[in-house]
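Undergrad: I'd like to ask some things about the structure below.
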Amino acid sequence: MNSSTNLTQRIPQRLVFFLGKGGVGRTTLASSFAQLCALNGEKTLIVQWALHDSVSLLFSKPAAGHDSEPIAPNLWTMNFSPDEAIREYFIDHLKMKLLYNLVIENRHVQRLIHAAPGVQELFFLGRLFWLVCLSEEIRGTRFDRVIVDTQATGHGVSLFTVAPTIAQFGMTGPLASECERVAKMLADPKLVGTALVTLPEELPVEETLEFLPRLTKDLGRAPAALFINRSLSPFMEKNHASLDEKYVLGIWKDHLASEQAVNALGLLHKDLCKRVHFEEFLRQSTAKIAAEVPLIPIPDIGLANPDAAASAVLEGVTQWLGRTEAPTDSQSAHQHTTAHSPSTADSLAAEISEDQR
Amino acid sequence: MKKDSSTEKIDKQKLPRLHLFLGAGGVGKTTLSAGFALALAQQGRHVGLMSIDPAKRLQGALGLAELPETGARIELSHGNGSLRASVLHIGESLKRWVSEAGLSEAAQDKLYANTLFRAVAERLATATDTFAAVRMAEWPEREVGLTDLVVDTAPGIHAIDFLSKPEKLSAFLDGKLIEWLKWFAQENQPQGGLIQRVVKGGARRILEGLSELGGQRFMLHFAEFLILLDEVFARMMTRLDFAKHWLRSSETHCYIVTSVRYDAVQVASELSRTLKSLKMKSARVVINRAFPEELRQDAGFHETLQRLRQQDASFFANYLENFIIVQRRVQEQLGRTAESIVTLPVAQHLDAHSSLRLEDLASLGQKIVEQSGET
């Protein structure tokens, strides 16, 4: 492996946000990247903020709570709880136990906290700040990497503007300084990076093309990578014929009895090939608006093997990421390059089914 | 809080039918809900369609690209029905609600200049679910004679929030804290005086505590904001109550849309459990982009499939085999709880990446209408 172009070095920040809408495979990608970091010897934590912890499940471990739990060598996960974070902030950090009991625990104030925009997001960022900047001083523990798997709707988009927004309210006191320090953290390009996850399908591609400039504006810099999940391109690298329309229809045509069946087969083939079309469209469009962002296709492992358990898919994606060479900044600044892999997904899929036996 | 007279009027009428489309991202929810609305309208019903985030191709087909927040009539090719379609724009709706609340021009200017209002309006735009419920409840007030409202929801299990948040948000708006904040604001203004004496000692301590956290200036600012929005909030509350009532009425149907994908099925199962826990009727399940029956039942299909799978170029054959396996599991899993299952095979016009035609949309919607037993 060429160490200068390894993916974990392409995304070197200690705090990395994986962003993408529900259903695009964001959790799988975040977990795979985290696993890759852990395999490289980095102490890595996956932070979730979700109704249910889905990361522990991938590692066949019981669900984690607000405190980090080990799930694999060098790898931990936690599921953020706003209530817990607020309690910790007032009691452990500000040492304001009395105020917490009297004010924050009051049920009317609780309602305000749950309904007011931005409050929970601020505490989420505050917790991340603690993890990457303070935990070593205070508890002597330090994670080399904190990988954030952000919730599907809302939060993922608004996290990066929450501090400046709250700052506009003219707050003073501890909440204002909290805003200030998380804003400072997010502004540091050496400390914080982002990676987008999308699918080669109509709506996810449209959304990614809209989100990319907005993220770049909100955060002040482009994401470090754009992952195209469930991609077909790795399958086609060596085996061009496998999806060629004339070839596929040619071998089927004479064996089907009815014309309707032939038409239906053609439809299914077209439907599958749409992914090739949308990936190409995304590639061309990204080249125009964000040429410096490398596109990294991830093979659709479930497609080759429907019985692959989620853990096997995770394993396969991690292996794929480990073999992926990402262009360095200097290379990609001038031309739009794609990450490529030395191995095809077919052999990967074969390896995975071997593992399962 | 005051009860709005326009919603009172609706309470007494027969409720329009509400059709909620739920499901994971990318399963075709928005397209199917649009087709369904179109099919109902062509049957002579008076239909409203509330879309969230439609793909450009669908916007093009419906002519939605330049649509105002309040929606526009869609031309129908036949029948006496009607269809009004809109795309959800929370920020614009909020502004309209402010102007409709009868605030003086000066008060409106003051509100728009309030940094909290600007931030809240911007931020609320991401809290789609709750405000979609308000907008949904508002629809029959604005359109007399409405028989059906078709609502597309935000993707994923967070559409659950749409169903459970009416209570959450009204809990906030109804909360004592708001009353206290209002007292707080007036107490700090010269014309205050009288009310401050009413404030109980405990409340005062809490307000002082909050001031300590965010600063007194912020508290005043926040309170001022709430006072200005009082009337708007009052109306939103009434509408949320109505939404709650409507969601649970016998005229409401939920359609859980899924495609032949494990993750989409997980979302569908989760949604189905949530509907049950909210004591709502079981949903009608729509399996979109399913395997075409005419191919599966073709005399030569299975033999050819097995033969090709043994060969080198087996990629597409494996894909077909897996498609059938996954679809069978999906049907088994969802069949246990669904009221009915509609299966829509991969279709020529809808799934190509060319332009979308209204008649294709309508015929797709018609299949859902017929197969789900919606008459």
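Numbering starts fresh at 1 for the residues of each chain in the structure tokens, the chains themselves are lettered A, B, ... in the order given, and ligands are numbered from 1 as they appear.
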Set the distance at 9 Å and use only C-alpha atoms: which residues neighbour Ile104 in chain A once local chain neighbours fewer than 2 positions away are removed? I'd like the list as an NGL selection string.

TA: (:A and (86-87 or 90 or 99-102 or 106-110 or 113)) or (:B and (206 or 209-210))

Undergrad: With a distance threshold of 8 Å and counting only C-alpha atoms, extract the residues of chain A near chain B and express them as a ChimeraX atom specification.

TA: /A:21-23,99,102-103,108-109,111-112,115,117-118,152-154,158,165-166,168-176,201-204,206,241-243,248,252,255-258,260-262,264-265,267-271,274,303-306

Undergrad: Show which residues sit within 8 Å of Leu186 in chain A, as a list of chain:residue names. Count only C-alpha atoms, and ignore same-chain residues fewer than 4 positions away.

TA: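 The contact residues come out as A:Phe160, A:Val182, A:Leu191, A:Val192, A:Leu219.
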
Undergrad: Apply DSSP to the backbone of this structure and, from range 19-169 of chain B, keep only the residues in strand (DSSP E); write these as a list in words.

TA: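 So, restricting range 19-169 of chain B to strand (DSSP E), we get His19, Leu20, Phe21, Leu22, Gly23, His46, Val47, Gly48, Leu49, Met50, Ser51, Ala72, Arg73, Ser82, Leu83, Arg84, Ala85, Ser86, Val87, Asp148, Leu149, Val150, Val151 and Asp152 of chain B.
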